[in-house]
Each structure stands twice: as structure tokens, then as C-alpha cells.
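Listing of protein-v8.csv, CSV, C-alpha atoms
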```
chain,number,residue,atom,x,y,z
V,1,MET,CA,359.8,88.2,-14.1
V,2,LYS,CA,359.2,91.6,-12.5
V,3,ASN,CA,359.8,90.0,-9.1
V,4,PHE,CA,363.1,88.6,-10.4
V,5,PHE,CA,364.4,92.0,-11.6
V,6,PHE,CA,363.2,93.6,-8.4
V,7,LYS,CA,365.1,91.1,-6.3
V,8,LEU,CA,368.2,91.6,-8.6
V,9,TYR,CA,367.9,95.3,-8.3
V,10,CYS,CA,367.7,95.0,-4.5
V,11,CYS,CA,370.7,92.6,-4.4
V,12,VAL,CA,372.9,95.0,-6.5
V,13,GLY,CA,371.8,97.9,-4.3
V,14,ILE,CA,372.8,96.1,-1.2
V,15,LEU,CA,376.2,95.2,-2.6
V,16,LEU,CA,376.8,98.7,-3.7
V,17,THR,CA,375.7,100.1,-0.4
V,18,SER,CA,377.9,97.6,1.5
V,19,ASN,CA,380.9,98.5,-0.6
V,20,LEU,CA,380.3,102.2,-0.1
V,21,MET,CA,379.8,101.7,3.7
V,22,ALA,CA,383.0,99.6,3.8
V,23,GLN,CA,384.9,102.4,2.0
V,24,ASN,CA,383.4,105.1,4.2
V,25,SER,CA,384.1,103.0,7.3
V,26,SER,CA,387.8,102.7,6.3
V,27,TYR,CA,388.0,106.3,5.4
V,28,ASP,CA,386.5,107.3,8.8
V,29,LEU,CA,389.4,105.6,10.5
V,30,LEU,CA,391.8,108.2,9.0
V,31,ASN,CA,392.7,111.2,11.2
V,32,PRO,CA,391.5,114.7,10.4
V,33,SER,CA,394.9,115.8,9.0
V,34,MET,CA,394.9,112.9,6.6
V,35,LYS,CA,391.4,113.6,5.5
V,36,GLN,CA,392.5,117.0,4.4
V,37,ILE,CA,394.8,115.5,1.8
V,38,ALA,CA,393.2,112.1,1.1
V,39,SER,CA,390.3,111.3,-1.2
V,40,PRO,CA,387.2,109.5,0.3
V,41,GLU,CA,388.1,106.2,-1.4
V,42,SER,CA,391.3,106.1,0.6
V,43,GLU,CA,392.0,103.3,3.1
V,44,GLN,CA,394.4,102.8,6.0
V,45,ASN,CA,397.3,101.5,3.9
V,46,TRP,CA,396.2,102.9,0.5
V,47,ILE,CA,396.0,106.7,0.4
V,48,LYS,CA,394.8,108.4,-2.7
V,49,PHE,CA,395.6,112.1,-2.6
V,50,LYS,CA,393.4,114.9,-3.5
V,51,THR,CA,394.7,116.8,-6.6
V,52,SER,CA,394.4,120.0,-4.6
V,53,ALA,CA,396.8,118.7,-1.9
V,54,LYS,CA,399.8,119.2,-4.3
V,55,ILE,CA,402.0,116.6,-2.4
V,56,ASN,CA,405.8,117.0,-2.8
V,57,PRO,CA,407.1,113.4,-2.9
V,58,GLU,CA,410.5,114.4,-1.5
V,59,THR,CA,409.2,116.2,1.6
V,60,ILE,CA,405.8,114.4,2.0
V,61,PHE,CA,406.6,113.0,5.5
V,62,GLU,CA,408.0,116.3,6.8
V,63,ASP,CA,405.1,118.3,5.3
V,64,HIS,CA,402.4,115.9,6.5
V,65,LYS,CA,404.0,114.4,9.7
V,66,VAL,CA,400.7,114.7,11.6
V,67,ALA,CA,398.6,113.1,8.9
V,68,PHE,CA,400.9,110.0,8.8
V,69,GLU,CA,401.0,110.0,12.7
V,70,LEU,CA,404.8,110.1,12.8
V,71,SER,CA,406.3,110.7,16.2
V,72,ALA,CA,409.2,112.9,17.0
V,73,PHE,CA,411.4,109.8,17.0
V,74,ASP,CA,410.2,108.5,13.6
V,75,LYS,CA,412.0,109.3,10.3
V,76,MET,CA,411.1,108.2,6.8
V,77,VAL,CA,414.1,107.6,4.5
V,78,VAL,CA,414.1,106.9,0.8
V,79,ASN,CA,415.4,103.4,0.2
V,80,LYS,CA,415.1,103.3,-3.6
V,81,THR,CA,413.4,105.1,-6.5
V,82,PHE,CA,412.0,103.4,-9.6
V,83,VAL,CA,410.6,104.9,-12.8
V,84,ASP,CA,408.3,102.5,-14.6
V,85,ASP,CA,407.7,101.9,-18.3
V,86,ILE,CA,405.0,104.6,-18.5
V,87,GLY,CA,407.1,107.3,-16.8
V,88,PHE,CA,405.5,107.0,-13.3
V,89,THR,CA,408.0,107.4,-10.4
V,90,HIS,CA,407.7,105.2,-7.3
V,91,ARG,CA,409.7,106.1,-4.2
V,92,ASN,CA,410.1,103.5,-1.5
V,93,TYR,CA,410.5,104.9,2.0
V,94,GLN,CA,411.7,102.9,5.0
V,95,GLN,CA,410.8,103.8,8.6
V,96,TYR,CA,413.4,104.5,11.3
V,97,PHE,CA,412.7,104.9,15.0
V,98,LYS,CA,415.5,106.7,16.9
V,99,GLY,CA,417.8,105.9,14.1
V,100,ILE,CA,417.0,102.2,14.1
V,101,LEU,CA,415.5,100.6,10.9
V,102,ILE,CA,412.0,99.1,11.2
V,103,ASP,CA,412.3,95.7,9.6
V,104,GLY,CA,409.9,94.5,6.9
V,105,GLU,CA,407.8,97.7,6.7
V,106,SER,CA,407.9,100.4,4.1
V,107,ILE,CA,405.6,102.8,2.2
V,108,ASN,CA,405.7,103.7,-1.5
V,109,VAL,CA,404.9,107.2,-2.8
V,110,HIS,CA,403.7,107.3,-6.4
V,111,THR,CA,404.0,110.2,-8.8
V,112,ASN,CA,402.6,110.2,-12.3
V,113,LYS,CA,404.5,111.4,-15.4
V,114,ASN,CA,403.0,114.9,-15.0
V,115,GLY,CA,404.8,115.2,-11.6
V,116,GLU,CA,401.6,114.8,-9.6
V,117,THR,CA,401.9,112.7,-6.5
V,118,TYR,CA,398.6,110.7,-6.5
V,119,ALA,CA,399.0,107.9,-3.9
V,120,ALA,CA,400.9,106.3,-1.1
V,121,THR,CA,400.7,102.6,-0.4
V,122,GLY,CA,402.2,100.6,2.4
V,123,ARG,CA,402.3,100.6,6.2
V,124,ILE,CA,403.8,102.8,8.8
V,125,LEU,CA,404.1,101.4,12.3
V,126,LYS,CA,402.7,103.6,15.1
V,127,GLY,CA,403.1,103.7,18.8
V,128,ILE,CA,406.6,102.2,18.9
V,129,ASN,CA,408.1,102.2,22.3
V,130,VAL,CA,411.2,100.1,22.7
V,131,GLU,CA,414.5,100.5,24.4
V,132,ILE,CA,417.2,100.8,21.7
V,133,THR,CA,420.2,99.9,23.8
V,134,PRO,CA,420.9,96.2,23.4
V,135,LYS,CA,421.7,94.0,26.5
V,136,ILE,CA,423.5,91.3,24.5
V,137,THR,CA,426.4,91.8,22.0
V,138,ALA,CA,426.3,91.0,18.3
V,139,GLN,CA,428.7,88.1,18.9
V,140,GLN,CA,426.4,86.7,21.6
V,141,ALA,CA,423.5,86.9,19.2
V,142,ILE,CA,425.5,85.0,16.5
V,143,GLU,CA,426.3,82.3,19.1
V,144,ILE,CA,422.6,82.0,20.0
V,145,ALA,CA,421.6,81.7,16.3
V,146,LEU,CA,424.3,79.1,15.6
V,147,LYS,CA,423.3,77.0,18.5
V,148,TYR,CA,419.7,77.1,17.3
V,149,VAL,CA,420.6,76.2,13.7
V,150,ASN,CA,423.0,73.5,14.8
V,151,ALA,CA,424.3,72.8,11.3
V,152,LYS,CA,427.1,70.3,10.6
V,153,GLU,CA,428.9,72.8,8.4
V,154,TYR,CA,428.4,76.5,7.6
V,155,MET,CA,429.2,78.1,4.3
V,156,TRP,CA,432.0,80.2,5.8
V,157,GLN,CA,433.7,77.1,7.0
V,158,ASN,CA,433.8,75.7,3.4
V,159,THR,CA,436.7,77.2,1.4
V,160,PHE,CA,435.1,76.5,-1.9
V,161,TRP,CA,431.9,78.4,-1.1
V,162,GLU,CA,433.8,81.3,0.5
V,163,ASN,CA,436.0,81.7,-2.6
V,164,GLU,CA,433.0,81.5,-4.9
V,165,LEU,CA,431.4,84.3,-2.9
V,166,LYS,CA,434.5,86.5,-3.1
V,167,LYS,CA,434.6,86.0,-6.9
V,168,LYS,CA,430.9,86.6,-7.3
V,169,ASN,CA,431.1,89.9,-5.4
V,170,ASN,CA,434.5,90.8,-6.7
V,171,ASP,CA,435.4,91.5,-3.0
V,172,PRO,CA,438.3,89.7,-1.3
V,173,LYS,CA,436.7,90.4,2.1
V,174,ALA,CA,433.3,89.0,1.2
V,175,THR,CA,432.2,86.2,3.6
V,176,TYR,CA,429.2,84.1,4.6
V,177,TYR,CA,430.0,84.7,8.2
V,178,PRO,CA,426.9,86.3,9.9
V,179,SER,CA,426.9,90.1,10.1
V,180,PRO,CA,424.1,91.1,12.6
V,181,THR,CA,422.2,94.3,12.1
V,182,LEU,CA,420.2,96.0,14.9
V,183,VAL,CA,416.6,96.5,13.7
V,184,ILE,CA,413.2,96.9,15.3
V,185,LYS,CA,410.7,94.2,14.5
V,186,GLU,CA,407.0,93.8,15.2
V,187,LYS,CA,406.7,90.4,16.9
V,188,ARG,CA,404.4,88.2,14.8
V,189,ASN,CA,402.9,86.1,17.6
V,190,TYR,CA,399.2,86.2,16.9
V,191,ASN,CA,398.4,84.7,20.3
V,192,GLN,CA,399.8,87.8,21.9
V,193,GLY,CA,398.7,90.1,19.0
V,194,LEU,CA,400.7,92.5,16.9
V,195,GLY,CA,402.0,95.8,18.1
V,196,ILE,CA,404.7,94.1,20.3
V,197,PHE,CA,408.0,95.7,19.3
V,198,ASN,CA,411.4,94.2,19.8
V,199,LEU,CA,414.9,95.4,19.3
V,200,VAL,CA,416.6,92.5,17.5
V,201,TYR,CA,419.7,91.4,15.8
V,202,ARG,CA,418.9,90.4,12.2
V,203,MET,CA,421.3,88.0,10.5
V,204,ASP,CA,421.5,85.6,7.7
V,205,ILE,CA,422.8,82.1,8.4
V,206,ALA,CA,423.9,79.9,5.5
V,207,SER,CA,424.9,76.3,6.0
V,208,SER,CA,426.5,73.9,3.5
V,209,SER,CA,425.5,70.8,5.4
V,210,PRO,CA,422.6,70.8,5.2
V,211,HIS,CA,422.5,73.3,2.3
V,212,TYR,CA,420.1,75.9,3.6
V,213,SER,CA,419.9,79.6,4.2
V,214,GLN,CA,417.7,81.5,6.6
V,215,ARG,CA,417.2,84.9,8.2
V,216,ILE,CA,417.1,84.8,12.0
V,217,PHE,CA,416.0,87.5,14.5
V,218,VAL,CA,417.5,87.4,18.0
V,219,ASP,CA,416.0,89.7,20.6
V,220,ALA,CA,418.8,92.1,21.6
V,221,HIS,CA,417.5,92.2,25.2
V,222,SER,CA,416.5,88.7,26.1
V,223,GLY,CA,418.4,86.6,23.5
V,224,GLU,CA,415.2,84.9,22.4
V,225,ILE,CA,414.8,84.0,18.8
V,226,ILE,CA,411.5,85.8,17.9
V,227,ASP,CA,411.3,85.0,14.2
V,228,LYS,CA,413.0,83.2,11.3
V,229,TYR,CA,412.3,82.5,7.7
V,230,PRO,CA,414.0,80.7,4.8
V,231,LEU,CA,416.0,82.6,2.2
V,232,GLU,CA,416.1,81.8,-1.5
V,233,SER,CA,419.4,80.0,-2.3
V,234,ASN,CA,421.5,81.0,-5.3
```

Please re-express this file's structure in C-alpha cells.
Amino acid sequence: MKNFFFKLYCCVGILLTSNLMAQNSSYDLLNPSMKQIASPESEQNWIKFKTSAKINPETIFEDHKVAFELSAFDKMVVNKTFVDDIGFTHRNYQQYFKGILIDGESINVHTNKNGETYAATGRILKGINVEITPKITAQQAIEIALKYVNAKEYMWQNTFWENELKKKNNDPKATYYPSPTLVIKEKRNYNQGLGIFNLVYRMDIASSSPHYSQRIFVDAHSGEIIDKYPLESN
């Protein structure tokens, strides 16, 4: 019985030590400026702030630019603010590089009901280096996307669906015709690895035959389709 408890004690100790080492290892990856404001239990994409840091949620990325490793070309912009049922405020920031939105990445800054900013969760892309002047036009990107989709009929070609959209949005100019937006996207090709940044045209293509909606990303330099995923139909 004593051997059993000794082994159990050892196992628990190993687990606790492993967890502590994992936490310390993750914390050790943070830069010195971040360690000045972050508690030891912080991780790369989950920062718990020291109470003494007194973080201002509205100027956090200007006040602590070095800690978040933002370059002179990076800017964090509030996308939306949400107050939950217990009075905590959550600000969602999106990252821009040279004025171009970084697609699919954001960071949330959390403030409790006492006005104390206690955490930041999410991901900021670092080391971005991409030419922001497109080599193909938005219309060329649309043509590339349509050739790829190759639908029999698109939603904007169907009068019924176009009229339904105008009614739904209460906007006589509303249309399903693609409206490309220039964004920067991290290429998700795991054979080449992450950290490959592309200037792309992001657009939504909705077809009525077959009935399907998807978001497509066309490289604004090469015309290559670098990513796509389905959208929920409504």
C-alpha cells in the first residue's frame, strides 16, 4: 500500500512539474517587454496581464507596441466591442499592414467590470513582408474565380434571388455579384509551412445552380487561387 501511494505521489509530482515546465517554457518565449506586463502563466496567444501593468484597453497597442512586436507598418484597429452578461467588456482588434487588412486574424482585449484590463487572447501575425500593389485588377480576379467555380448559374443572374436580396437588405443596389476586397492572407499550405504572406482578392461567390456559396482568395500578383472555403447559406 505504501508503495502504491509513493508511486501515485511520484506520478502526480511528475504531472505537476511537466505542466509547470510547459507553462514556463511558453512564458519564456515571450519577449522582455511583454514579460514586464504579463503574468508567468501567460502563453503566446493568451496573455494574462499583471494588475500592476494598468493596461488601457483603448491604447494598449500604442502603449505596448514593442511587447506585441508590432512593426512600424502594423496597426491594430477596433472591429467591434461587446459587453457580456456580467459586465465584462471585450474589444476585438483587427490587424492591418500598410493599411491592408490581415484576413482571419484578430486579438481580443478583455476588461472586467471594475475597468481592469486583465487579458488579451488571439494572434498577431509578425514578420509580414509583402508587396501591397496588385498586379492584376479586381475584375480579372473575379474572372479567375468564376472560371474556377464554373457554375451553371450564379445568384446575380437569377432575378428572383437578386430581388430577394434587395428586399432583405432594404437596399435597391444590393447584389450577389462579387465585390473583391484586397487583404493579406497567410497561405495555409502546410507542405511549405505557415508564414507565407500573400496579397489577395477576397470575394464571395454564390451560385444558384448548383446552390452553393463559397469564399475564394485570388493572389493579387499571380492570379493563383490560394484558398477557399464554403459559406453558410441563408

- Smallest atom-to-atom distance to Lys48 (chain V): which of V:Lys187, V:His110, V:Lys80, V:His64, using only C-alpha atoms?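 Smallest distance to Lys48 (chain V) is found for V:His110.
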
Edge lengths and centre in Å to one decimal, as JSON, of the axis-aligned box that encloses all listed atoms of region 124-131 of chain V with 3 Å added on every side?
```
{"center_x": 408.6, "center_y": 101.9, "center_z": 16.6, "size_x": 17.8, "size_y": 9.6, "size_z": 21.6}
```

- So how far away is CA of Val218 (chain V) from CA of Ile107 (chain V), in Å? 25.1 Å

- With all atoms listed in the file as the basis for distance, which of V:Ser209, V:Tyr177, V:Lys147, V:Glu153 is at the shortest distance from Ile225 (chain V)?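 When distances to Ile225 (chain V) are compared using all atoms listed in the file, the smallest one comes from V:Lys147.
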
- Work out how far CA of Thr89 (chain V) is from CA of Asp28 (chain V), in Å to one decimal.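 If I compute the distance from CA of Asp28 (chain V) to CA of Thr89 (chain V), I get 28.8 Å.
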
- Computed gap from CA of Ile184 (chain V) to CA of Ile102 (chain V) is 4.8 Å

- Task: For Ser71 (chain V), work out the shell of residues within 9 Å, counting only C-alpha atoms and skipping chain neighbours fewer than 4 positions away, then give it as a list in words.
- Result: Lys65, Val66, Lys75, Phe97, Lys126, Gly127 and Ile128 of chain V

Coordinates of region 60-96 of chain V, N, CA and C atoms, as an mmCIF file, in the first residue's frame:
```cif
data_model
loop_
_atom_site.group_PDB
_atom_site.id
_atom_site.type_symbol
_atom_site.label_atom_id
_atom_site.label_comp_id
_atom_site.auth_asym_id
_atom_site.auth_seq_id
_atom_site.Cartn_x
_atom_site.Cartn_y
_atom_site.Cartn_z
ATOM 1 N N ILE V 60 -3.802 50.182 -25.826
ATOM 2 C CA ILE V 60 -2.894 49.084 -25.482
ATOM 3 C C ILE V 60 -1.830 48.847 -26.545
ATOM 4 N N PHE V 61 -2.195 48.924 -27.819
ATOM 5 C CA PHE V 61 -1.239 48.572 -28.873
ATOM 6 C C PHE V 61 -0.325 49.738 -29.251
ATOM 7 N N GLU V 62 -0.694 50.949 -28.839
ATOM 8 C CA GLU V 62 0.234 52.076 -28.970
ATOM 9 C C GLU V 62 1.178 52.102 -27.765
ATOM 10 N N ASP V 63 0.626 51.860 -26.574
ATOM 11 C CA ASP V 63 1.432 51.901 -25.358
ATOM 12 C C ASP V 63 2.427 50.745 -25.275
ATOM 13 N N HIS V 64 2.061 49.591 -25.853
ATOM 14 C CA HIS V 64 2.888 48.387 -25.712
ATOM 15 C C HIS V 64 3.206 47.774 -27.079
ATOM 16 N N LYS V 65 3.565 48.637 -28.006
ATOM 17 C CA LYS V 65 3.871 48.213 -29.379
ATOM 18 C C LYS V 65 5.016 47.205 -29.415
ATOM 19 N N VAL V 66 6.057 47.461 -28.619
ATOM 20 C CA VAL V 66 7.225 46.572 -28.598
ATOM 21 C C VAL V 66 6.864 45.215 -27.999
ATOM 22 N N ALA V 67 6.061 45.226 -26.948
ATOM 23 C CA ALA V 67 5.663 43.972 -26.298
ATOM 24 C C ALA V 67 4.907 43.066 -27.267
ATOM 25 N N PHE V 68 4.044 43.653 -28.106
ATOM 26 C CA PHE V 68 3.277 42.869 -29.064
ATOM 27 C C PHE V 68 4.015 42.683 -30.388
ATOM 28 N N GLU V 69 5.245 43.197 -30.453
ATOM 29 C CA GLU V 69 6.112 43.035 -31.625
ATOM 30 C C GLU V 69 5.464 43.553 -32.905
ATOM 31 N N LEU V 70 4.842 44.704 -32.790
ATOM 32 C CA LEU V 70 4.231 45.340 -33.954
ATOM 33 C C LEU V 70 5.271 46.190 -34.667
ATOM 34 N N SER V 71 5.304 46.088 -35.983
ATOM 35 C CA SER V 71 6.257 46.881 -36.758
ATOM 36 C C SER V 71 5.686 48.274 -37.007
ATOM 37 N N ALA V 72 6.485 49.114 -37.631
ATOM 38 C CA ALA V 72 6.039 50.473 -37.955
ATOM 39 C C ALA V 72 4.902 50.455 -38.974
ATOM 40 N N PHE V 73 4.738 49.335 -39.677
ATOM 41 C CA PHE V 73 3.695 49.238 -40.704
ATOM 42 C C PHE V 73 2.421 48.581 -40.184
ATOM 43 N N ASP V 74 2.457 48.080 -38.940
ATOM 44 C CA ASP V 74 1.296 47.403 -38.368
ATOM 45 C C ASP V 74 0.417 48.382 -37.605
ATOM 46 N N LYS V 75 -0.882 48.171 -37.693
ATOM 47 C CA LYS V 75 -1.835 48.978 -36.925
ATOM 48 C C LYS V 75 -2.979 48.069 -36.481
ATOM 49 N N MET V 76 -3.353 48.202 -35.204
ATOM 50 C CA MET V 76 -4.465 47.439 -34.664
ATOM 51 C C MET V 76 -5.680 48.356 -34.568
ATOM 52 N N VAL V 77 -6.788 47.904 -35.142
ATOM 53 C CA VAL V 77 -7.998 48.728 -35.225
ATOM 54 C C VAL V 77 -9.164 47.974 -34.592
ATOM 55 N N VAL V 78 -9.928 48.663 -33.740
ATOM 56 C CA VAL V 78 -11.088 48.031 -33.104
ATOM 57 C C VAL V 78 -12.125 47.670 -34.161
ATOM 58 N N ASN V 79 -12.502 46.412 -34.187
ATOM 59 C CA ASN V 79 -13.514 45.928 -35.112
ATOM 60 C C ASN V 79 -14.900 45.982 -34.472
ATOM 61 N N LYS V 80 -14.996 45.526 -33.233
ATOM 62 C CA LYS V 80 -16.267 45.578 -32.502
ATOM 63 C C LYS V 80 -15.997 45.473 -31.013
ATOM 64 N N THR V 81 -16.949 45.961 -30.224
ATOM 65 C CA THR V 81 -16.864 45.913 -28.774
ATOM 66 C C THR V 81 -18.128 45.251 -28.233
ATOM 67 N N PHE V 82 -17.943 44.342 -27.276
ATOM 68 C CA PHE V 82 -19.063 43.581 -26.735
ATOM 69 C C PHE V 82 -19.009 43.583 -25.218
ATOM 70 N N VAL V 83 -20.133 43.894 -24.567
ATOM 71 C CA VAL V 83 -20.246 43.816 -23.112
ATOM 72 C C VAL V 83 -21.097 42.599 -22.773
ATOM 73 N N ASP V 84 -20.534 41.664 -21.998
ATOM 74 C CA ASP V 84 -21.249 40.420 -21.707
ATOM 75 C C ASP V 84 -22.226 40.579 -20.539
ATOM 76 N N ASP V 85 -22.859 39.475 -20.171
ATOM 77 C CA ASP V 85 -23.918 39.492 -19.159
ATOM 78 C C ASP V 85 -23.430 39.872 -17.770
ATOM 79 N N ILE V 86 -22.130 39.716 -17.503
ATOM 80 C CA ILE V 86 -21.623 40.042 -16.164
ATOM 81 C C ILE V 86 -20.862 41.378 -16.151
ATOM 82 N N GLY V 87 -20.995 42.120 -17.250
ATOM 83 C CA GLY V 87 -20.422 43.458 -17.290
ATOM 84 C C GLY V 87 -18.994 43.553 -17.748
ATOM 85 N N PHE V 88 -18.428 42.442 -18.249
ATOM 86 C CA PHE V 88 -17.066 42.470 -18.784
ATOM 87 C C PHE V 88 -17.108 42.984 -20.220
ATOM 88 N N THR V 89 -16.105 43.772 -20.592
ATOM 89 C CA THR V 89 -16.037 44.335 -21.939
ATOM 90 C C THR V 89 -14.957 43.624 -22.747
ATOM 91 N N HIS V 90 -15.314 43.268 -23.970
ATOM 92 C CA HIS V 90 -14.388 42.548 -24.847
ATOM 93 C C HIS V 90 -14.242 43.348 -26.151
ATOM 94 N N ARG V 91 -13.039 43.793 -26.419
ATOM 95 C CA ARG V 91 -12.760 44.569 -27.635
ATOM 96 C C ARG V 91 -12.015 43.691 -28.627
ATOM 97 N N ASN V 92 -12.573 43.581 -29.816
ATOM 98 C CA ASN V 92 -11.949 42.799 -30.870
ATOM 99 C C ASN V 92 -11.155 43.733 -31.788
ATOM 100 N N TYR V 93 -9.855 43.479 -31.878
ATOM 101 C CA TYR V 93 -8.969 44.283 -32.732
ATOM 102 C C TYR V 93 -8.568 43.471 -33.960
ATOM 103 N N GLN V 94 -8.566 44.119 -35.103
ATOM 104 C CA GLN V 94 -8.060 43.505 -36.321
ATOM 105 C C GLN V 94 -6.739 44.162 -36.703
ATOM 106 N N GLN V 95 -5.883 43.371 -37.313
ATOM 107 C CA GLN V 95 -4.545 43.845 -37.682
ATOM 108 C C GLN V 95 -4.516 44.312 -39.131
ATOM 109 N N TYR V 96 -3.860 45.437 -39.348
ATOM 110 C CA TYR V 96 -3.645 45.972 -40.694
ATOM 111 C C TYR V 96 -2.150 46.131 -40.937
#
```
